Amino acid sequence: MESGPGSPEPTPRDPLEAFPQRRLEAGDIAVLVLYFVFVLAVGLWSTVKTKRDTVKGYFLAGGDMIWWPVGASLFASNIGSGHFVGLAGSGAAAGISVAAYEFFGLFSVLMLAWVFLPIYIAGQVTTMPEYLRRRFGGNRIPIILAVLYLFIYIFTKISVDMYAGAIFIQQSLKLDLYLAVIGLLAITALYTVAGGLAAVIYTDALQTVIMLVGALTLMGYSFVAVGGLEGLTEKYFLALATNRTENSSCGLPREDAFHIFRDPLTSDLPWPGILFGMSMPSLWYWCTDQVIVQRSLAAKNLSHAKGGSLMAAYLKVLPLFMMVLPGMISRVLYPDQVACADPETCRKVCGNPSGCSDIAYPKLVLELLPTGLRGLMIAVMVAALMSSLTSIFNSASTIFTIDLWTHMRPRASEKELMIVGRVFVLLLVLVSILWIPIIQASQGGQLFIYIQSISSYLQPPVAVVFILGCFWERSNEKGAFSGLILGLLLGLIRLVLDFVYTQPQCDQPDERPSVVRDVHYLYFSMILSVVTLITMCTVSWLTEPPSKDMVSRLTWFTRHDPVVTKEPGPPPATLSQNGTAEAGSSGIQLETVQENTSDAPSRDETPKPSRVLRAILWLCGLDGKDQAEPVSRADPVIGTLEENPSVKALLDINLIICVSCAIFLWGYFA
């Protein structure tokens, strides 16, 4: 079938076909089916096994997870299909510098367990907006933050993972994009809606094993194909598309491709931006993002949470070797498609005139692997997509239910909260499907960089508010609100400018305004952080200090304060209100169900609807059992900061080893 070597004419299909008609064979499909059976089995097992009929049971897995599912879930929630496609694509286009995000994540996930989590545990919070409500008082910051989190989830996480997973599914299974995505979402929604966080964490643990096995296997195959690391370093700089214009610099590999630290002015990822600009989005993601923190709060105790973070940190070393370097190898093996430089050619190859680096990883999977392993890798991609989507669905519904719904309906019963949380997951599924065409239209050549640039404009102000809230007792609500609003407004202006003035193609003049052209998004992240910091400090100093109960057990320096003022305060009042409301409303609901069933004998047709209703109630963990327990929303998550001294020493030694490894990797690749 190979005809017309390298000619860019549209008549021969093969040279420019990104994925020649390589269909999955019976062995691949068997592996995929087996994978889906396993995931559904684990999802349903954890749904039945766990206590999912209370707010704490559903949203925090009952707070009794041990360290390894927590660690696996942290890793799986972070590594979505967007990572596989995006990191490999950025590796193919620009080299290893994008791995800096992963190495930064390694430090940040450790900071979560050793620095931030003790504060959240001492304050006994369930969600991140709830922490800010207790720390600063008032409702405006928590509500802005809850809305912002949902916005970020939909714009960066859900949409990008959906798009990346869809590329794979479309190319490998030759299925209609919408059909494939709706099928996947149906499976993920089933156990997320039914089982809550426990089902998500247990399935994440399974997905992590599948991801590691598959990705490490592909890494081995790709290094063999290119002749090891030495072969890659020699051949990468020669990986040019045959249809490239000779006297143009377009499509040339970067000279600094094997360095993480690059020129501060002319490079794609300047080193001061990496060191200082990357830190705030990284801290936001790992230490204040609901998706990540919720997993750590589900741990049995602080030691298990630390163990989970350590496991995730060790695993964060792998993306450079599992994704970025294979992406570079894909460019070496398939330069005409992955490294295409001419916009018209790129449009023919992958439908994207900006470049086709995003097909680097799917190309390796479909071209390099034998039957069976190809099916395994498609399962890996689906695993990555499902694990990150379920995590986001669960955390988004937690924020909506506990921070927004209870604000609108403070007397909501526990039963109502359980139903609202599950309905919101279904709403997110719908939004995800509607969002695909927008992502297809706006997506640039490097998917991962698209996510990171949006993150750099919206996350630094939030991170600064959390950091000052946790470490500066004098910071108050007025200061936090002023800093947050100013920072977010500046970030949104830059975000809009970036979408209006898109980056020109390689051979076109750059006529964007100076603020967009000359200020790298990582430098803008630094500017945002400094502006938010100065505003928050100034306004906090000029206004009254926060009251003692807003500081006690809610900062690093007060986390060991005695629990005196917390218990008799407002929470039990809302609890008792909720308790009565719950008794009243659930009584009404149960009565109506009982009325329906008592009417059943009089009509022959009614048993069918009641079975459906029973099935729905069982799926939602509300299968008619009388819920006499009070609302457990305000239950302590992890009860105490105390740790077994020998376990604590073991964890601290591991921390030192892990940080030393990270510093060595930074030094070696910088």
# chains A, B, ... in the order shown; residues from 1 in each chain; ligands from 1
>>> residues_around(residues="Arg559 (chain A)", least_positions_apart="4", cutoff="7 Å", atoms="only C-alpha atoms", output="PDB file with all heavy atoms, in the first residue's frame")
ATOM      1  N   ILE A 119      -3.326  21.593  58.296  1.00  0.00           N
ATOM      2  CA  ILE A 119      -4.179  22.771  58.547  1.00  0.00           C
ATOM      3  C   ILE A 119      -5.636  22.433  58.223  1.00  0.00           C
ATOM      4  O   ILE A 119      -6.547  22.752  58.988  1.00  0.00           O
ATOM      5  CB  ILE A 119      -3.697  23.970  57.694  1.00  0.00           C
ATOM      6  CG1 ILE A 119      -2.240  24.305  58.029  1.00  0.00           C
ATOM      7  CG2 ILE A 119      -4.594  25.186  57.914  1.00  0.00           C
ATOM      8  CD1 ILE A 119      -1.590  25.290  57.078  1.00  0.00           C
ATOM      9  N   ALA A 122      -6.949  20.104  60.948  1.00  0.00           N
ATOM     10  CA  ALA A 122      -7.204  20.829  62.202  1.00  0.00           C
ATOM     11  C   ALA A 122      -8.492  21.648  62.090  1.00  0.00           C
ATOM     12  O   ALA A 122      -9.284  21.717  63.028  1.00  0.00           O
ATOM     13  CB  ALA A 122      -6.021  21.731  62.526  1.00  0.00           C
ATOM     14  N   SER A 552      -7.946  30.444  64.903  1.00  0.00           N
ATOM     15  CA  SER A 552      -7.677  29.260  65.714  1.00  0.00           C
ATOM     16  C   SER A 552      -7.872  27.971  64.911  1.00  0.00           C
ATOM     17  O   SER A 552      -8.909  27.770  64.283  1.00  0.00           O
ATOM     18  CB  SER A 552      -8.614  29.262  66.927  1.00  0.00           C
ATOM     19  OG  SER A 552      -8.409  28.092  67.686  1.00  0.00           O
ATOM     20  N   ARG A 553      -6.838  27.124  64.888  1.00  0.00           N
ATOM     21  CA  ARG A 553      -6.832  25.825  64.193  1.00  0.00           C
ATOM     22  C   ARG A 553      -7.013  25.944  62.675  1.00  0.00           C
ATOM     23  O   ARG A 553      -7.295  24.964  62.000  1.00  0.00           O
ATOM     24  CB  ARG A 553      -7.914  24.882  64.766  1.00  0.00           C
ATOM     25  CG  ARG A 553      -7.656  24.488  66.207  1.00  0.00           C
ATOM     26  CD  ARG A 553      -8.662  23.491  66.714  1.00  0.00           C
ATOM     27  NE  ARG A 553      -8.483  22.167  66.122  1.00  0.00           N
ATOM     28  CZ  ARG A 553      -7.582  21.264  66.522  1.00  0.00           C
ATOM     29  NH1 ARG A 553      -6.769  21.539  67.518  1.00  0.00           N
ATOM     30  NH2 ARG A 553      -7.496  20.096  65.920  1.00  0.00           N
ATOM     31  N   LEU A 554      -6.820  27.158  62.116  1.00  0.00           N
ATOM     32  CA  LEU A 554      -7.003  27.337  60.678  1.00  0.00           C
ATOM     33  C   LEU A 554      -5.755  27.897  59.992  1.00  0.00           C
ATOM     34  O   LEU A 554      -5.793  28.226  58.809  1.00  0.00           O
ATOM     35  CB  LEU A 554      -8.210  28.263  60.406  1.00  0.00           C
ATOM     36  CG  LEU A 554      -9.571  27.628  60.723  1.00  0.00           C
ATOM     37  CD1 LEU A 554     -10.661  28.686  60.798  1.00  0.00           C
ATOM     38  CD2 LEU A 554      -9.938  26.559  59.704  1.00  0.00           C
ATOM     39  N   THR A 555      -4.644  28.012  60.744  1.00  0.00           N
ATOM     40  CA  THR A 555      -3.367  28.389  60.127  1.00  0.00           C
ATOM     41  C   THR A 555      -2.296  27.413  60.601  1.00  0.00           C
ATOM     42  O   THR A 555      -2.514  26.635  61.543  1.00  0.00           O
ATOM     43  CB  THR A 555      -2.934  29.824  60.508  1.00  0.00           C
ATOM     44  OG1 THR A 555      -2.516  29.829  61.883  1.00  0.00           O
ATOM     45  CG2 THR A 555      -4.057  30.828  60.314  1.00  0.00           C
TER      46      THR A 555
END
>>> select_by_dssp(residues="region 141-275 of chain A", states="helix (DSSP H, G or I)", output="PyMOL selection string")
chain A and resi 141-173+177-226+228-238+271-275
>>> residues_around(residues="Asn301 (chain A)", least_positions_apart="3", cutoff="10 Å", atoms="only C-alpha atoms", output="list in words")
Gly63, Asp64, Met65, Ile66, Trp67, Ile121, Ser296, Leu297, Ala298, His304, Ala305, Lys306, Val637, Ile638, Gly639, Thr640, Leu641, Glu642 and Glu643 of chain A
>>> atom_distance(atom1="CA of Phe104 (chain A)", atom2="CA of Ser388 (chain A)")
19.5 Å
>>> residues_around(residues="Val33 (chain A)", least_positions_apart="5", cutoff="9 Å", atoms="only C-alpha atoms", output="ChimeraX atom specification")
/A:28,38,379
>>> closest_residue(among="A:Ser540, A:Leu40, A:Leu492, A:Ile663", to="Ala189 (chain A)", atoms="only C-alpha atoms")
A:Leu40
>>> residues_around(residues="Glu511 (chain A)", least_positions_apart="4", cutoff="10 Å", atoms="only C-alpha atoms", output="PyMOL selection string")
chain A and resi 501-504+516-517
>>> closest_residue(among="A:Phe321, A:Phe499, A:Phe75, A:Phe276", to="Ile292 (chain A)", atoms="only C-alpha atoms")
A:Phe75
>>> closest_atom_pairs(of="region 428-545 of chain A", to="region 229-248 of chain A", cutoff="12 Å", atoms="only C-alpha atoms", output="Markdown table")
| residue | atom | partner | partner_atom | distance |
| --- | --- | --- | --- | --- |
| A:Cys506 | CA | A:Ser248 | CA | 9.0 |
| A:Asp507 | CA | A:Ser248 | CA | 7.5 |
| A:Gln508 | CA | A:Ser248 | CA | 11.1 |
>>> closest_residue(among="A:Leu665, A:Ala146, A:Ile485, A:Leu458", to="Ala396 (chain A)", atoms="only C-alpha atoms")
A:Ala146
>>> residues_around(residues="region 518-531 of chain A", least_positions_apart="5", cutoff="9 Å", atoms="only C-alpha atoms", output="PDB file with N, CA and C atoms, in the first residue's frame")
ATOM      1  N   LEU A 265      14.504  34.829  27.553  1.00  0.00           N
ATOM      2  CA  LEU A 265      13.769  35.754  26.691  1.00  0.00           C
ATOM      3  C   LEU A 265      13.194  35.109  25.438  1.00  0.00           C
ATOM      4  N   ASP A 268      10.648  28.802  24.573  1.00  0.00           N
ATOM      5  CA  ASP A 268       9.230  28.498  24.792  1.00  0.00           C
ATOM      6  C   ASP A 268       8.893  28.376  26.265  1.00  0.00           C
ATOM      7  N   LEU A 269       9.852  27.905  27.101  1.00  0.00           N
ATOM      8  CA  LEU A 269       9.649  27.833  28.556  1.00  0.00           C
ATOM      9  C   LEU A 269      10.873  28.440  29.245  1.00  0.00           C
ATOM     10  N   PRO A 270      10.862  29.765  29.490  1.00  0.00           N
ATOM     11  CA  PRO A 270      12.045  30.425  30.069  1.00  0.00           C
ATOM     12  C   PRO A 270      12.328  29.947  31.493  1.00  0.00           C
ATOM     13  N   PRO A 272      13.433  31.390  34.356  1.00  0.00           N
ATOM     14  CA  PRO A 272      12.851  32.061  35.537  1.00  0.00           C
ATOM     15  C   PRO A 272      11.346  31.768  35.655  1.00  0.00           C
ATOM     16  N   GLY A 273      10.686  31.637  34.504  1.00  0.00           N
ATOM     17  CA  GLY A 273       9.256  31.304  34.517  1.00  0.00           C
ATOM     18  C   GLY A 273       9.021  29.925  35.104  1.00  0.00           C
ATOM     19  N   ILE A 274       9.930  28.984  34.746  1.00  0.00           N
ATOM     20  CA  ILE A 274       9.797  27.625  35.284  1.00  0.00           C
ATOM     21  C   ILE A 274       9.988  27.643  36.803  1.00  0.00           C
ATOM     22  N   PHE A 276       9.830  30.227  39.044  1.00  0.00           N
ATOM     23  CA  PHE A 276       8.963  31.064  39.878  1.00  0.00           C
ATOM     24  C   PHE A 276       7.515  31.111  39.382  1.00  0.00           C
ATOM     25  N   GLY A 277       7.322  31.167  38.070  1.00  0.00           N
ATOM     26  CA  GLY A 277       5.968  31.289  37.538  1.00  0.00           C
ATOM     27  C   GLY A 277       5.184  29.994  37.611  1.00  0.00           C
ATOM     28  N   MET A 278       5.916  28.867  37.545  1.00  0.00           N
ATOM     29  CA  MET A 278       5.251  27.567  37.552  1.00  0.00           C
ATOM     30  C   MET A 278       4.818  27.159  38.958  1.00  0.00           C
ATOM     31  N   SER A 279       5.456  27.756  39.970  1.00  0.00           N
ATOM     32  CA  SER A 279       5.224  27.284  41.342  1.00  0.00           C
ATOM     33  C   SER A 279       3.787  27.540  41.799  1.00  0.00           C
ATOM     34  N   MET A 280       3.212  28.700  41.421  1.00  0.00           N
ATOM     35  CA  MET A 280       1.858  29.022  41.912  1.00  0.00           C
ATOM     36  C   MET A 280       0.782  28.107  41.315  1.00  0.00           C
ATOM     37  N   PRO A 281       0.725  27.940  39.979  1.00  0.00           N
ATOM     38  CA  PRO A 281      -0.265  26.982  39.454  1.00  0.00           C
ATOM     39  C   PRO A 281      -0.070  25.576  40.013  1.00  0.00           C
ATOM     40  N   GLN A 452      -1.949  24.534  30.363  1.00  0.00           N
ATOM     41  CA  GLN A 452      -1.100  25.220  31.332  1.00  0.00           C
ATOM     42  C   GLN A 452      -1.226  26.733  31.218  1.00  0.00           C
ATOM     43  N   SER A 453      -1.413  27.252  29.985  1.00  0.00           N
ATOM     44  CA  SER A 453      -1.508  28.706  29.859  1.00  0.00           C
ATOM     45  C   SER A 453      -2.807  29.207  30.496  1.00  0.00           C
ATOM     46  N   ILE A 454      -3.917  28.470  30.315  1.00  0.00           N
ATOM     47  CA  ILE A 454      -5.175  28.871  30.988  1.00  0.00           C
ATOM     48  C   ILE A 454      -4.977  28.821  32.503  1.00  0.00           C
ATOM     49  N   SER A 455      -4.308  27.753  32.972  1.00  0.00           N
ATOM     50  CA  SER A 455      -4.063  27.613  34.416  1.00  0.00           C
ATOM     51  C   SER A 455      -3.261  28.795  34.952  1.00  0.00           C
ATOM     52  N   SER A 456      -2.283  29.256  34.175  1.00  0.00           N
ATOM     53  CA  SER A 456      -1.400  30.329  34.650  1.00  0.00           C
ATOM     54  C   SER A 456      -2.123  31.656  34.784  1.00  0.00           C
ATOM     55  N   TYR A 457      -3.283  31.804  34.136  1.00  0.00           N
ATOM     56  CA  TYR A 457      -4.013  33.066  34.221  1.00  0.00           C
ATOM     57  C   TYR A 457      -5.065  33.069  35.325  1.00  0.00           C
ATOM     58  N   LEU A 458      -5.527  31.910  35.764  1.00  0.00           N
ATOM     59  CA  LEU A 458      -6.633  31.882  36.727  1.00  0.00           C
ATOM     60  C   LEU A 458      -6.233  31.359  38.107  1.00  0.00           C
ATOM     61  N   GLN A 459      -5.174  30.573  38.175  1.00  0.00           N
ATOM     62  CA  GLN A 459      -4.880  29.894  39.439  1.00  0.00           C
ATOM     63  C   GLN A 459      -3.987  30.659  40.417  1.00  0.00           C
ATOM     64  N   PRO A 460      -3.007  31.471  39.952  1.00  0.00           N
ATOM     65  CA  PRO A 460      -2.125  32.140  40.931  1.00  0.00           C
ATOM     66  C   PRO A 460      -2.854  32.982  41.977  1.00  0.00           C
ATOM     67  N   PRO A 461      -3.880  33.800  41.621  1.00  0.00           N
ATOM     68  CA  PRO A 461      -4.536  34.583  42.682  1.00  0.00           C
ATOM     69  C   PRO A 461      -5.141  33.696  43.777  1.00  0.00           C
ATOM     70  N   ALA A 463      -4.135  30.650  44.618  1.00  0.00           N
ATOM     71  CA  ALA A 463      -3.039  30.053  45.394  1.00  0.00           C
ATOM     72  C   ALA A 463      -2.504  31.042  46.427  1.00  0.00           C
ATOM     73  N   VAL A 464      -2.351  32.315  46.041  1.00  0.00           N
ATOM     74  CA  VAL A 464      -1.824  33.335  46.970  1.00  0.00           C
ATOM     75  C   VAL A 464      -2.783  33.516  48.152  1.00  0.00           C
ATOM     76  N   GLY A 483      -7.589  41.107  46.786  1.00  0.00           N
ATOM     77  CA  GLY A 483      -6.505  40.471  46.024  1.00  0.00           C
ATOM     78  C   GLY A 483      -7.038  39.479  45.000  1.00  0.00           C
ATOM     79  N   LEU A 486      -8.931  41.373  42.012  1.00  0.00           N
ATOM     80  CA  LEU A 486      -7.988  42.068  41.117  1.00  0.00           C
ATOM     81  C   LEU A 486      -7.187  41.060  40.300  1.00  0.00           C
ATOM     82  N   GLY A 487      -6.675  40.018  40.975  1.00  0.00           N
ATOM     83  CA  GLY A 487      -5.888  38.992  40.285  1.00  0.00           C
ATOM     84  C   GLY A 487      -6.690  38.279  39.206  1.00  0.00           C
ATOM     85  N   LEU A 488      -7.934  37.909  39.545  1.00  0.00           N
ATOM     86  CA  LEU A 488      -8.773  37.186  38.576  1.00  0.00           C
ATOM     87  C   LEU A 488      -9.158  38.075  37.392  1.00  0.00           C
ATOM     88  N   LEU A 490      -7.362  40.605  36.117  1.00  0.00           N
ATOM     89  CA  LEU A 490      -6.177  40.689  35.247  1.00  0.00           C
ATOM     90  C   LEU A 490      -5.989  39.392  34.472  1.00  0.00           C
ATOM     91  N   GLY A 491      -6.167  38.260  35.163  1.00  0.00           N
ATOM     92  CA  GLY A 491      -6.007  36.952  34.511  1.00  0.00           C
ATOM     93  C   GLY A 491      -7.021  36.758  33.393  1.00  0.00           C
ATOM     94  N   ARG A 494      -6.129  38.826  30.282  1.00  0.00           N
ATOM     95  CA  ARG A 494      -5.073  38.187  29.488  1.00  0.00           C
ATOM     96  C   ARG A 494      -5.606  36.933  28.773  1.00  0.00           C
ATOM     97  N   PRO A 513      -0.554  42.264  20.187  1.00  0.00           N
ATOM     98  CA  PRO A 513      -0.117  43.351  21.085  1.00  0.00           C
ATOM     99  C   PRO A 513       1.061  42.892  21.942  1.00  0.00           C
ATOM    100  N   MET A 536      -3.460  42.010  48.698  1.00  0.00           N
ATOM    101  CA  MET A 536      -4.027  41.340  49.874  1.00  0.00           C
ATOM    102  C   MET A 536      -3.343  41.814  51.159  1.00  0.00           C
TER     103      MET A 536
END
>>> residues_around(residues="Cys661 (chain A)", least_positions_apart="5", cutoff="12 Å", atoms="only C-alpha atoms", output="list in words")
Phe103, Leu106, Phe107, Ala313, Tyr314, Leu315, Lys316, Val317, Asn654, Leu655, Ile656, Trp666, Gly667 and Tyr668 of chain A
>>> closest_residue(among="A:Leu484, A:Leu369, A:Val380, A:Leu495", to="Leu218 (chain A)", atoms="only C-alpha atoms")
A:Leu369
>>> atom_distance(atom1="CA of Gly27 (chain A)", atom2="CA of Leu333 (chain A)")
25.2 Å
>>> closest_residue(among="A:Val291, A:Val365, A:Leu216, A:Ile143", to="Ser397 (chain A)", atoms="only C-alpha atoms")
A:Val291
>>> atom_distance(atom1="CA of Glu344 (chain A)", atom2="CA of Phe155 (chain A)")
28.5 Å
>>> decode(residues="region 318-329 of chain A", atoms="all heavy atoms", output="tab-separated table (two decimals), in the first residue's frame")
chain	number	residue	atom	x	y	z
A	318	LEU	N	7.87	9.32	36.65
A	318	LEU	CA	7.72	8.49	35.44
A	318	LEU	C	7.25	9.22	34.18
A	318	LEU	O	7.64	8.83	33.09
A	318	LEU	CB	6.77	7.32	35.73
A	318	LEU	CG	7.27	6.30	36.76
A	318	LEU	CD1	6.20	5.26	37.04
A	318	LEU	CD2	8.54	5.62	36.25
A	319	PRO	N	6.38	10.26	34.25
A	319	PRO	CA	5.88	10.84	32.99
A	319	PRO	C	6.96	11.28	32.00
A	319	PRO	O	6.76	11.15	30.79
A	319	PRO	CB	5.04	12.03	33.47
A	319	PRO	CG	4.51	11.58	34.78
A	319	PRO	CD	5.63	10.80	35.40
A	320	LEU	N	8.10	11.78	32.49
A	320	LEU	CA	9.18	12.14	31.56
A	320	LEU	C	9.57	10.95	30.69
A	320	LEU	O	9.72	11.06	29.47
A	320	LEU	CB	10.40	12.65	32.34
A	320	LEU	CG	11.69	12.81	31.52
A	320	LEU	CD1	11.53	13.86	30.44
A	320	LEU	CD2	12.88	13.17	32.42
A	321	PHE	N	9.69	9.77	31.33
A	321	PHE	CA	10.15	8.57	30.61
A	321	PHE	C	9.00	7.86	29.89
A	321	PHE	O	9.21	7.23	28.85
A	321	PHE	CB	10.84	7.62	31.59
A	321	PHE	CG	11.97	8.29	32.32
A	321	PHE	CD1	11.79	8.77	33.62
A	321	PHE	CD2	13.21	8.46	31.72
A	321	PHE	CE1	12.83	9.41	34.29
A	321	PHE	CE2	14.25	9.11	32.38
A	321	PHE	CZ	14.05	9.59	33.67
A	322	MET	N	7.79	7.96	30.46
A	322	MET	CA	6.65	7.23	29.88
A	322	MET	C	5.94	8.01	28.78
A	322	MET	O	5.27	7.42	27.94
A	322	MET	CB	5.60	6.93	30.97
A	322	MET	CG	6.00	5.91	31.98
A	322	MET	SD	4.61	5.31	32.99
A	322	MET	CE	3.61	6.74	33.26
A	323	MET	N	6.06	9.34	28.79
A	323	MET	CA	5.26	10.15	27.86
A	323	MET	C	6.10	11.13	27.04
A	323	MET	O	5.98	11.17	25.82
A	323	MET	CB	4.19	10.93	28.63
A	323	MET	CG	3.19	10.04	29.32
A	323	MET	SD	2.25	10.94	30.54
A	323	MET	CE	1.86	9.63	31.68
A	324	VAL	N	6.95	11.93	27.71
A	324	VAL	CA	7.68	12.98	26.98
A	324	VAL	C	8.69	12.36	26.02
A	324	VAL	O	8.71	12.69	24.82
A	324	VAL	CB	8.39	13.94	27.97
A	324	VAL	CG1	9.14	15.02	27.21
A	324	VAL	CG2	7.37	14.57	28.92
A	325	LEU	N	9.55	11.46	26.51
A	325	LEU	CA	10.58	10.86	25.63
A	325	LEU	C	9.94	10.01	24.53
A	325	LEU	O	10.37	10.10	23.36
A	325	LEU	CB	11.59	10.05	26.46
A	325	LEU	CG	12.47	10.91	27.40
A	325	LEU	CD1	13.37	10.03	28.25
A	325	LEU	CD2	13.30	11.92	26.63
A	326	PRO	N	8.91	9.17	24.81
A	326	PRO	CA	8.24	8.49	23.70
A	326	PRO	C	7.66	9.45	22.66
A	326	PRO	O	7.66	9.16	21.46
A	326	PRO	CB	7.13	7.68	24.39
A	326	PRO	CG	7.69	7.39	25.73
A	326	PRO	CD	8.46	8.63	26.11
A	327	GLY	N	7.19	10.63	23.09
A	327	GLY	CA	6.70	11.63	22.14
A	327	GLY	C	7.81	12.08	21.21
A	327	GLY	O	7.62	12.24	20.00
A	328	MET	N	9.03	12.27	21.78
A	328	MET	CA	10.19	12.66	20.96
A	328	MET	C	10.57	11.52	20.01
A	328	MET	O	10.94	11.75	18.86
A	328	MET	CB	11.36	13.03	21.87
A	328	MET	CG	11.07	14.25	22.74
A	328	MET	SD	12.33	14.54	24.00
A	328	MET	CE	13.63	15.29	23.03
A	329	ILE	N	10.45	10.28	20.50
A	329	ILE	CA	10.77	9.11	19.65
A	329	ILE	C	9.78	9.03	18.49
A	329	ILE	O	10.15	8.71	17.35
A	329	ILE	CB	10.75	7.82	20.50
A	329	ILE	CG1	11.92	7.83	21.49
A	329	ILE	CG2	10.79	6.58	19.61
A	329	ILE	CD1	11.88	6.74	22.54
